[in-house]
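Text of final-v6.cif, listed as mmCIF, C-alpha atoms and all ligand atoms:
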```cif
data_coords
loop_
_atom_site.label_atom_id
_atom_site.label_comp_id
_atom_site.auth_asym_id
_atom_site.auth_seq_id
_atom_site.Cartn_x
_atom_site.Cartn_y
_atom_site.Cartn_z
CA MET S 28 22.23 25.80 4.12
CA ILE S 29 21.56 22.09 4.26
CA SER S 30 21.90 20.35 0.97
CA PHE S 31 19.36 17.56 0.64
CA GLY S 32 21.54 15.92 -1.94
CA ARG S 33 23.90 14.87 0.82
CA TYR S 34 21.47 12.52 2.51
CA ASP S 35 18.39 10.44 1.94
CA LEU S 36 14.89 11.83 2.18
CA PRO S 37 12.70 9.63 4.42
CA VAL S 38 10.63 7.00 2.58
CA VAL S 39 8.17 6.77 5.48
CA THR S 40 6.58 9.26 7.85
CA LEU S 41 8.50 9.86 11.06
CA PRO S 42 6.88 10.41 14.46
CA ASP S 43 7.84 13.36 16.61
CA ILE S 44 9.01 12.59 20.12
CA ARG S 45 6.13 14.45 21.86
CA TYR S 46 3.68 12.33 19.91
CA LEU S 47 5.38 9.14 21.14
CA LEU S 48 5.24 10.35 24.76
CA PHE S 49 1.62 11.54 24.69
CA GLY S 50 0.60 8.31 22.97
CA ILE S 51 1.10 6.41 26.20
CA PHE S 52 -1.71 8.41 27.87
CA THR S 53 -4.23 8.07 25.06
CA HIS S 54 -7.08 5.58 24.60
CA GLN S 55 -6.64 2.75 22.15
CA SER S 56 -8.11 3.08 18.69
CA SER S 57 -11.16 0.90 18.08
CA GLY S 58 -10.65 1.29 14.34
CA GLU S 59 -14.15 2.78 13.95
CA ILE S 60 -12.79 5.51 11.71
CA TRP S 61 -12.31 2.77 9.05
CA CYS S 62 -15.88 1.50 9.57
CA ASN S 63 -19.46 2.42 8.74
CA SER S 64 -22.05 2.20 11.54
CA TRP S 65 -22.85 -1.49 10.82
CA GLN S 66 -19.20 -2.55 10.70
CA LYS S 67 -16.42 -3.46 13.10
CA ALA S 68 -12.63 -3.50 12.85
CA SER S 69 -10.15 -6.26 13.75
CA PHE S 70 -6.41 -5.63 13.87
CA TYR S 71 -3.53 -7.69 12.47
CA ARG S 72 0.17 -7.33 11.71
CA GLY S 73 -0.54 -5.98 8.25
CA SER S 74 -3.36 -6.35 5.74
CA ALA S 75 -1.81 -9.50 4.27
CA TRP S 76 -2.91 -11.22 7.51
CA GLY S 77 -6.26 -9.42 7.38
CA ILE S 78 -6.91 -10.80 3.87
CA SER S 79 -5.95 -14.28 4.97
CA GLU S 80 -8.23 -14.13 8.05
CA ALA S 81 -11.11 -12.81 5.95
CA VAL S 82 -10.79 -15.73 3.51
CA LYS S 83 -10.52 -18.23 6.38
CA THR S 84 -13.64 -16.74 8.01
CA LEU S 85 -15.63 -16.89 4.80
CA LEU S 86 -14.72 -20.51 4.03
CA LYS S 87 -15.56 -21.50 7.59
CA SER S 88 -18.96 -19.82 7.34
CA LYS S 89 -19.60 -21.75 4.11
CA ARG S 90 -18.36 -24.95 5.81
CA LYS S 91 -15.79 -25.41 3.07
CA THR S 92 -12.29 -26.80 3.53
CA GLN S 93 -11.05 -25.46 0.19
CA GLY S 94 -11.79 -22.36 -1.82
CA ILE S 95 -11.03 -20.30 -4.90
CA VAL S 96 -9.77 -16.72 -4.59
CA PHE S 97 -9.60 -14.40 -7.60
CA LEU S 98 -7.06 -11.59 -7.24
CA PRO S 99 -5.24 -9.22 -9.59
CA ASP S 100 -2.04 -10.36 -11.29
CA TYR S 101 -0.42 -7.04 -10.25
CA PHE S 102 0.03 -8.07 -6.62
CA CYS S 103 3.02 -8.31 -4.28
CA ASN S 104 4.03 -11.92 -3.89
CA GLN S 105 5.21 -11.39 -0.32
CA ALA S 106 1.74 -10.13 0.66
CA LEU S 107 0.36 -13.55 -0.33
CA ARG S 108 2.37 -15.58 2.15
CA PRO S 109 -0.42 -15.92 4.77
CA LEU S 110 -3.01 -16.75 2.10
CA ARG S 111 -0.78 -19.39 0.50
CA ALA S 112 -0.69 -21.25 3.82
CA GLN S 113 -4.41 -22.01 3.41
CA SER S 114 -6.16 -24.55 1.19
CA VAL S 115 -7.09 -22.06 -1.48
CA GLN S 116 -6.55 -21.92 -5.20
CA LEU S 117 -5.26 -18.49 -6.17
CA VAL S 118 -6.41 -17.37 -9.61
CA PHE S 119 -4.66 -14.24 -10.86
CA TYR S 120 -6.85 -12.16 -13.14
CA PRO S 121 -5.18 -9.76 -15.59
CA VAL S 122 -5.41 -6.01 -15.00
CA THR S 123 -5.87 -3.36 -17.67
CA GLU S 124 -3.36 -0.60 -18.47
CA ASN S 125 -4.90 1.54 -15.71
CA LEU S 126 -4.93 -1.25 -13.13
CA ASN S 127 -8.63 -2.11 -13.26
CA PRO S 128 -9.75 -5.74 -13.62
CA ASP S 129 -9.92 -6.90 -17.25
CA TRP S 130 -13.55 -8.06 -16.94
CA ARG S 131 -13.59 -9.99 -20.20
CA LEU S 132 -10.69 -12.13 -19.00
CA VAL S 133 -12.14 -12.39 -15.49
CA HIS S 134 -15.21 -14.09 -17.01
CA THR S 135 -12.98 -16.43 -19.05
CA LEU S 136 -11.19 -17.44 -15.85
CA VAL S 137 -14.52 -18.50 -14.32
CA LEU S 138 -15.01 -20.90 -17.24
CA LEU S 139 -11.48 -22.31 -16.76
CA ASN S 140 -11.26 -22.49 -12.95
CA GLY S 141 -14.80 -22.41 -11.60
CA LYS S 142 -16.61 -19.70 -9.65
CA PRO S 143 -14.57 -17.94 -7.00
CA ASP S 144 -15.55 -17.81 -3.33
CA VAL S 145 -13.76 -14.48 -2.90
CA PHE S 146 -12.98 -11.75 -5.41
CA ILE S 147 -10.25 -9.30 -4.34
CA LEU S 148 -10.34 -5.79 -5.78
CA VAL S 149 -7.34 -3.52 -5.12
CA HIS S 150 -7.56 0.28 -4.93
CA TYR S 151 -4.01 0.92 -6.12
CA PHE S 152 -2.13 3.91 -4.68
CA GLY S 153 -5.35 5.20 -3.07
CA PHE S 154 -7.25 5.57 -6.39
CA PRO S 155 -10.66 3.83 -6.26
CA SER S 156 -11.10 0.88 -8.59
CA GLU S 157 -14.31 -0.33 -10.26
CA ILE S 158 -16.40 -1.27 -7.22
CA LYS S 159 -19.75 -1.33 -9.07
CA ASN S 160 -18.52 -3.76 -11.71
CA ALA S 161 -16.88 -5.89 -9.05
CA LEU S 162 -20.14 -6.11 -7.06
CA GLN S 163 -22.04 -7.01 -10.21
CA PHE S 164 -19.53 -9.76 -11.02
CA CYS S 165 -19.71 -11.11 -7.46
CA GLN S 166 -23.49 -11.23 -7.62
CA GLN S 167 -23.38 -13.11 -10.92
CA VAL S 168 -21.02 -15.82 -9.65
CA GLY S 169 -22.04 -15.93 -5.98
CA ALA S 170 -18.71 -14.68 -4.63
CA VAL S 171 -18.04 -12.15 -1.89
CA LEU S 172 -16.13 -8.96 -2.56
CA LEU S 173 -13.01 -8.26 -0.51
CA GLU S 174 -11.67 -4.74 -1.08
CA ASP S 175 -7.93 -4.37 -0.65
CA GLY S 176 -7.46 -0.82 0.63
CA ALA S 177 -3.83 -1.34 1.72
CA HIS S 178 -3.06 1.87 -0.23
CA VAL S 179 -6.11 3.77 1.09
CA LEU S 180 -5.80 6.04 4.12
CA ILE S 181 -9.48 5.99 5.18
CA PRO S 182 -12.51 4.77 3.22
CA ARG S 183 -14.30 7.53 1.31
CA GLY S 184 -16.96 7.45 -1.39
CA GLY S 185 -17.96 3.88 -2.19
CA ILE S 186 -14.83 2.27 -0.72
CA GLY S 187 -15.61 -0.30 1.99
CA LYS S 188 -19.36 0.37 1.92
CA PHE S 189 -20.84 -2.39 -0.20
CA SER S 190 -18.33 -5.21 0.04
CA TRP S 191 -18.33 -8.19 2.37
CA ALA S 192 -15.01 -7.09 3.90
CA SER S 193 -12.19 -4.62 3.34
CA VAL S 194 -8.63 -4.24 4.58
CA PHE S 195 -6.44 -1.20 5.25
CA SER S 196 -2.77 -0.71 6.21
CA PRO S 197 -2.62 2.49 8.32
CA TYR S 198 1.08 1.97 8.97
CA LYS S 199 1.82 2.77 5.32
CA PHE S 200 0.49 6.31 5.88
CA LEU S 201 0.93 7.02 9.58
CA PRO S 202 3.78 6.93 12.08
CA VAL S 203 2.63 3.67 13.72
CA PRO S 204 4.15 0.17 13.83
CA LYS S 205 3.06 -2.42 11.28
CA LEU S 206 -0.69 -2.78 11.50
CA GLY S 207 -3.56 -3.91 9.28
CA VAL S 208 -7.29 -3.34 9.78
CA LEU S 209 -9.91 -5.83 8.63
CA VAL S 210 -13.39 -4.31 8.38
CA THR S 211 -16.42 -6.62 8.33
CA SER S 212 -20.03 -6.43 9.34
CA LYS S 213 -20.64 -6.58 13.11
CA GLU S 214 -22.35 -9.95 12.62
CA THR S 215 -19.33 -11.61 11.02
CA GLU S 216 -17.59 -13.88 13.48
CA ILE S 217 -13.85 -13.40 13.26
CA GLY S 218 -12.21 -16.40 14.83
CA CYS S 219 -8.58 -15.34 15.24
CA GLU S 220 -7.35 -16.15 18.73
CA MET S 221 -4.53 -13.62 18.57
CA LEU S 222 -6.95 -10.75 18.60
CA ARG S 223 -7.95 -11.56 22.15
CA GLU S 224 -4.60 -11.60 23.94
CA LYS S 225 -3.32 -8.05 23.67
CA LYS S 226 0.06 -7.18 25.17
CA ARG S 227 0.72 -3.60 26.25
CA VAL S 228 4.16 -3.45 24.62
CA ASP S 229 6.20 -6.01 22.76
CA MET S 230 9.63 -6.33 21.20
CA GLU S 231 8.35 -5.12 17.83
CA ILE S 232 7.10 -1.83 19.22
CA CYS S 233 10.35 -1.23 21.15
CA LYS S 234 12.36 -1.84 17.97
CA TRP S 235 10.05 0.39 15.97
CA ILE S 236 10.23 3.31 18.43
CA GLY S 237 14.03 2.99 18.75
CA LYS S 238 14.52 2.92 14.99
CA ARG S 239 12.20 5.84 14.25
CA VAL S 240 13.69 8.04 16.99
CA LEU S 241 17.21 7.41 15.69
CA GLN S 242 16.06 8.00 12.12
CA SER S 243 14.52 11.37 13.09
CA LEU S 244 17.68 12.39 14.97
CA PHE S 245 19.95 11.45 12.08
CA LEU S 246 17.81 13.30 9.57
CA ASN S 247 17.58 16.40 11.76
CA CYS S 248 21.38 16.44 12.05
CA GLY S 249 21.76 16.05 8.29
CA PHE S 250 23.29 12.56 8.34
CA SER S 251 22.40 9.75 6.07
CA TRP S 252 20.32 7.11 7.83
CA LYS S 253 20.42 4.45 5.18
CA SER S 254 23.55 2.86 3.82
CA ARG S 255 24.48 4.18 0.40
CA ARG S 256 23.70 0.79 -1.15
CA ILE S 257 20.87 1.19 -3.59
CA VAL S 258 18.51 -1.74 -4.06
CA PRO S 259 19.09 -3.00 -7.63
CA PHE S 260 16.32 -1.86 -9.99
CA ASP S 261 14.98 -5.32 -10.79
CA SER S 262 15.73 -6.86 -7.41
CA GLU S 263 13.02 -9.15 -6.08
CA VAL S 264 14.55 -9.91 -2.72
CA GLU S 265 11.74 -10.74 -0.34
CA PRO S 266 12.07 -8.98 3.02
CA ASN S 267 11.64 -10.97 6.22
CA PHE S 268 7.97 -11.64 6.63
CA GLU S 269 6.48 -11.04 10.06
CA ARG S 270 4.42 -13.79 11.64
CA ASN S 271 0.99 -12.82 12.78
CA SER S 272 0.81 -11.88 16.43
CA SER S 273 -1.44 -9.67 18.50
CA VAL S 274 -1.22 -5.93 17.92
CA SER S 275 0.02 -4.26 21.11
CA ALA S 276 -2.05 -1.76 23.08
CA VAL S 277 0.62 0.92 22.54
CA THR S 278 0.33 0.49 18.75
CA LEU S 279 -3.41 1.16 19.03
CA GLN S 280 -2.76 4.17 21.29
CA LEU S 281 -0.35 5.62 18.75
CA LEU S 282 -2.94 4.98 16.05
CA LYS S 283 -5.56 6.85 18.09
CA MET S 284 -3.19 9.83 18.36
CA THR S 285 -3.10 10.17 14.58
CA GLU S 286 -6.84 9.90 13.98
CA SER S 287 -7.66 13.56 14.54
CA LYS S 288 -5.03 14.50 11.95
CA LEU S 289 -6.11 12.32 9.04
CA ASP S 290 -7.79 15.15 7.12
CA GLN S 291 -4.72 17.33 7.55
CA TYR S 292 -2.45 14.50 6.32
CA LYS S 293 -4.70 13.96 3.35
CA ARG S 294 -4.51 17.66 2.42
CA ILE S 295 -0.71 17.61 2.63
CA ARG S 296 -0.42 14.42 0.58
CA ARG S 297 -2.71 15.86 -2.10
CA ARG S 298 -0.65 19.07 -2.18
CA HIS S 299 2.59 17.08 -2.48
CA TYR S 300 1.10 14.95 -5.23
CA LYS S 301 0.15 18.09 -7.17
CA ILE S 302 3.61 19.60 -6.74
CA ILE S 303 5.12 16.59 -8.52
CA GLU S 304 2.30 16.32 -11.05
CA GLU S 305 2.74 19.95 -12.08
CA GLY S 306 6.52 19.93 -11.83
CA ILE S 307 7.59 16.95 -13.91
CA PRO S 308 8.19 17.16 -17.63
CA VAL S 309 5.31 15.36 -19.34
CA ASN S 310 5.90 13.62 -22.60
CA SER S 311 3.29 10.92 -22.91
CA ASP S 312 5.69 8.60 -24.76
CA VAL S 313 8.50 8.98 -22.25
CA ALA S 314 7.29 10.08 -18.80
CA ARG S 315 3.90 10.91 -17.30
CA PRO S 316 1.85 10.54 -14.11
CA PHE S 317 0.42 7.00 -14.03
CA PHE S 318 -3.09 8.35 -13.33
CA SER S 319 -4.40 11.08 -15.62
CA SER S 320 -5.83 13.15 -12.74
CA LEU S 321 -6.21 13.18 -8.98
CA PRO S 322 -9.95 12.82 -8.25
CA GLU S 323 -11.58 14.87 -5.46
CA ASP S 324 -11.39 13.16 -2.12
CA VAL S 325 -8.58 10.74 -3.03
CA CYS S 326 -5.70 10.60 -0.57
CA PRO S 327 -2.76 9.37 -2.65
CA TYR S 328 -0.38 6.84 -1.13
CA LEU S 329 2.56 7.61 -3.43
CA PHE S 330 3.08 9.43 -6.70
CA PRO S 331 3.18 6.65 -9.32
CA MET S 332 4.86 7.60 -12.62
CA TRP S 333 4.96 5.84 -15.92
CA LEU S 334 8.41 5.94 -17.56
CA HIS S 335 9.50 4.46 -20.87
CA LYS S 336 11.38 1.18 -20.46
CA SER S 337 14.45 2.68 -22.14
CA ILE S 338 14.91 5.29 -19.38
CA ILE S 339 13.32 3.99 -16.21
CA GLU S 340 16.36 2.19 -14.86
CA ASP S 341 18.61 5.21 -15.43
CA VAL S 342 16.12 7.56 -13.78
CA TYR S 343 15.75 5.18 -10.82
CA TYR S 344 19.51 5.07 -10.15
CA LYS S 345 20.02 8.79 -10.76
CA LEU S 346 17.33 9.69 -8.23
CA ASN S 347 18.41 7.22 -5.57
CA ARG S 348 22.05 8.28 -5.87
CA ILE S 349 21.08 11.83 -4.90
CA GLY S 350 18.84 10.75 -2.02
CA VAL S 351 15.41 10.72 -3.71
CA PRO S 352 13.91 7.37 -2.66
CA ALA S 353 12.20 6.38 -5.91
CA GLN S 354 10.88 2.83 -5.68
CA THR S 355 9.53 0.10 -7.90
CA TRP S 356 6.77 -2.45 -7.25
CA PRO S 357 8.53 -5.04 -5.05
CA ASP S 358 7.70 -8.27 -6.88
CA LEU S 359 5.06 -10.28 -8.74
CA PRO S 360 3.80 -13.80 -7.96
CA PRO S 361 5.73 -16.63 -9.72
CA GLU S 362 2.46 -17.83 -11.34
CA VAL S 363 2.29 -14.44 -13.08
CA LYS S 364 5.93 -14.32 -14.18
CA GLU S 365 5.70 -17.86 -15.54
CA LYS S 366 2.95 -16.85 -17.99
CA PRO S 367 4.20 -13.63 -19.58
CA SER S 368 1.74 -13.73 -22.47
CA THR S 369 -1.33 -13.97 -20.18
CA HIS S 370 0.01 -11.41 -17.71
CA SER S 371 1.81 -9.10 -20.12
CA ARG S 372 0.25 -5.91 -18.74
CA ALA S 373 1.11 -6.61 -15.10
CA ILE S 374 4.69 -7.43 -16.13
CA LYS S 375 4.87 -4.30 -18.28
CA ILE S 376 3.54 -2.08 -15.47
CA ARG S 377 6.01 -3.65 -13.01
CA LYS S 378 8.84 -2.61 -15.38
CA SER S 379 7.58 0.87 -16.19
CA LEU S 380 6.22 2.26 -12.94
CA LEU S 381 8.29 4.25 -10.49
CA THR S 382 6.90 5.70 -7.26
CA ILE S 383 7.95 8.88 -5.48
CA PRO S 384 7.10 9.50 -1.79
CA ILE S 385 4.64 12.29 -1.01
CA HIS S 386 4.01 11.66 2.70
CA GLN S 387 3.20 14.34 5.25
CA SER S 388 6.63 14.39 6.93
CA LEU S 389 8.21 15.83 3.78
CA THR S 390 8.56 19.58 3.60
CA GLU S 391 7.69 21.88 0.71
CA ARG S 392 11.43 22.39 0.14
CA GLN S 393 12.07 18.64 -0.02
CA MET S 394 9.21 18.28 -2.51
CA GLN S 395 10.75 21.00 -4.68
CA TYR S 396 14.10 19.24 -4.43
CA MET S 397 12.47 16.02 -5.66
CA VAL S 398 10.81 17.84 -8.56
CA ARG S 399 14.13 19.41 -9.63
CA SER S 400 15.84 16.03 -9.33
CA LEU S 401 13.14 14.33 -11.38
CA ARG S 402 13.32 16.99 -14.05
CA GLY S 403 17.09 16.65 -14.13
CA ALA S 404 17.03 12.83 -14.25
CA ILE S 405 14.34 12.61 -16.94
CA GLY S 406 15.76 15.53 -18.91
CA LYS S 407 19.26 14.07 -18.92
CA VAL S 408 18.25 10.63 -20.10
CA PHE S 409 16.28 11.91 -23.04
CA GLY S 410 18.70 14.67 -23.84
CA GLY S 411 16.75 17.65 -22.36
C1 LIG I 501 -2.09 -4.10 -2.80
C2 LIG I 501 -1.51 -4.61 -1.53
N1 LIG I 501 -2.26 -5.36 -0.71
C3 LIG I 501 -1.80 -5.85 0.45
C4 LIG I 501 -0.50 -5.60 0.84
C5 LIG I 501 -0.01 -6.13 2.16
O1 LIG I 501 -0.01 -5.09 3.07
P1 LIG I 501 0.62 -5.22 4.53
O2 LIG I 501 2.04 -4.77 4.42
O3 LIG I 501 -0.22 -4.31 5.38
O4 LIG I 501 0.51 -6.65 4.95
C6 LIG I 501 0.34 -4.84 0.04
C7 LIG I 501 1.72 -4.58 0.43
O5 LIG I 501 2.27 -3.55 0.26
C8 LIG I 501 -0.19 -4.32 -1.19
O6 LIG I 501 0.58 -3.56 -2.00
#
```
Conversion result in structure tokens:
Amino acid sequence: MISFGRYDLPVVTLPDIRYLLFGIFTHQSSGEIWCNSWQKASFYRGSAWGISEAVKTLLKSKRKTQGIVFLPDYFCNQALRPLRAQSVQLVFYPVTENLNPDWRLVHTLVLLNGKPDVFILVHYFGFPSEIKNALQFCQQVGAVLLEDGAHVLIPRGGIGKFSWASVFSPYKFLPVPKLGVLVTSKETEIGCEMLREKKRVDMEICKWIGKRVLQSLFLNCGFSWKSRRIVPFDSEVEPNFERNSSVSAVTLQLLKMTESKLDQYKRIRRRHYKIIEEGIPVNSDVARPFFSSLPEDVCPYLFPMWLHKSIIEDVYYKLNRIGVPAQTWPDLPPEVKEKPSTHSRAIKIRKSLLTIPIHQSLTERQMQYMVRSLRGAIGKVFGG
């Protein structure tokens, strides 16, 4: 019998070889599955570029050379690189304990910094945030709402319906190369030149296919794919950031291949989420699911867990040592870290949230292995 403890479980979904071959004969995705009837999709190398293009488009339409963007203080710094290259003032608003905007402080920030042009609302880990309140705030101050659905598989419920624009990162859920979708109304003129010149294949896609095929082969043979080096718990090393470039036709063909399976993937992810939710020891002072329940229709991105600061580091290393790829939030913007009293909740969440993969390539047996490992790791550190 294969022992999962001997190698790493995959952090991301892996394509099967037939899927890669058939992909070449499929149409390209138009992205309409992320859109309502009055909307259109534009593709980028990740939603960080989609956000940046959306802001650029808005400022251009307002004939402004500078702008103010409000965004949550719990945000990956690396995802801000494209936005930082523009003439915009980034104002980080504090989030509450459950990752919603702290509206009282959002209003205070308007008094201090002026009215924003764009307000970014993030639906963390696939769980919808407070869209109604965000729309109301935007109306009051004359801003547009940009929904960050980087952790959302496909828009459901109110997500993406009422805002000026929304972004999604299908590559975080699906076996496709890095890809972001910007959804806007059909009337919005998106001016990015790169969208027009579309190569069939490029170096990135060749590297991606080669890496994923090898990864699948290694895992099927029971070898470890990753080196045994575990990323230090509080490491904030920024990975190489990809420049924006056109999304290749093959990427959009591979995306199209997955579109008929989205409901199936969602069902599997929900089932995996529940397996962990029901399997972990819950002690609200020590360890618990970050969200109190999984609402109907939500497709979770990961299983986020809250762990007491006295045990989280130990649990993180224990899990990773036995091949369970528990992860932390990669980093926070320097503006946030420099003001710990204003951004205390974001900093606290960064230090007390661990995520466990629940993607559709994992098997029931691997999920059970993760649950046993979690129980063992949490139990051991608090003497269970
Ligand atoms: C909330 C949020 N928004 C945007 C991004 C950027 O996404 P992408 O990797 O598609 O550029 C990330 C990155 O993980 C994120 O966590």
* Surrounding residues as a PyMOL selection string, ligand LIG 501 (chain I), max 6 Å, only C-alpha atoms and all ligand atoms -> chain S and resi 73-75+102-103+106+149+175+177+196+207
* Asked: Quick one: of S:Ser311, S:Thr215, S:Thr382, S:Asn104, who's nearest to Glu362 in chain S, counting only C-alpha atoms?
  -> S:Asn104
* Please provide as a ChimeraX atom specification all residues within 12 Å of His54 in chain S, with the sequence filter that same-chain residues fewer than 5 positions apart are discarded (counting all atoms listed in the file). => /S:49,276-286
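Take CA of Ser193 in chain S and CA of Val96 in chain S: the distance between them is 14.7 Å.
CA of Ile147 in chain S is positioned 10.1 Å from CA of Ser190 in chain S.
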* Asked: Using all atoms listed in the file, which of S:Gln66, S:Arg294, S:Ser388, S:His370 sits nearest Val122 in chain S?
  -> S:His370
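The neighbours of His335 in chain S here are the residues that come within 7 Å of it, using all atoms listed in the file and leaving out any residue fewer than 2 positions away in the same chain; they are Asp312, Val313, Ala314, Trp333, Ser337, Ile338, Ile339 and Ser379 of chain S.
If you look at CA of Gly153 in chain S and CA of Arg372 in chain S, they are 20.0 Å away from each other.
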* Surrounding residues of Leu41 in chain S excluding itself and chain neighbours under 6 positions, 8 Å, all atoms listed in the file, as a ChimeraX atom specification -> /S:202,239,242-243,388
Neighbours of Ile158 in chain S within 8 Å (only C-alpha atoms; same-chain residues fewer than 6 positions away dropped), as a PDB file with C-alpha atoms, in the frame of the given file?
```
ATOM      1  CA  LEU S 148     -10.340  -5.790  -5.780  1.00  0.00           C
ATOM      2  CA  GLY S 185     -17.960   3.880  -2.190  1.00  0.00           C
ATOM      3  CA  ILE S 186     -14.830   2.270  -0.720  1.00  0.00           C
TER       4      ILE S 186
END
```
* May I ask which of the residues S:Ala81, S:Ala192, S:Leu126, S:Val38 is the closest one to Asn63 in chain S, counting only C-alpha atoms? => S:Ala192
Please define a box with edges along x, y and z of the file around all atoms of range 192-210 of chain S given in the file, extend it by 6 Å on each side, and return its centre and edge lengths in Å to one decimal, as lines of an AutoDock Vina configuration file.
```
center_x = -5.4
center_y = 0.0
center_z = 8.6
size_x = 31.2
size_y = 26.1
size_z = 22.5
```
* Asked: Near Ile236 in chain S, within 12 Å and counting all atoms listed in the file, which residues show up once chain neighbours fewer than 2 positions away are dropped, as a ChimeraX atom specification?
  -> /S:41-44,46-48,50,202-205,228-234,238-243,277-278,281
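Using all atoms listed in the file, the protein and nucleic acid residues lying at most 6 Å from the point (-17.6, -8.1, -5.3) are Phe146, Ala161, Leu162, Cys165, Val171 and Leu172 of chain S.
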* Between S:Phe164, S:Trp130, S:Phe195, S:Phe200, which has the minimum distance to Trp61 in chain S (counting all atoms listed in the file)? -> S:Phe195
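The point (4.3, 15.5, -21.3) has these residues within 12 Å of it when all atoms listed in the file are used: Glu304, Glu305, Gly306, Ile307, Pro308, Val309, Asn310, Ser311, Asp312, Val313, Ala314, Arg315, Pro316, Phe317, Ser319, Met332, Trp333, Leu334, Arg402, Ile405 and Gly406 of chain S.
Of the listed residues (S:Arg256, S:Arg348, S:Arg108, S:Arg298), S:Arg108 comes nearest to Gly77 in chain S; the distances count all atoms listed in the file.
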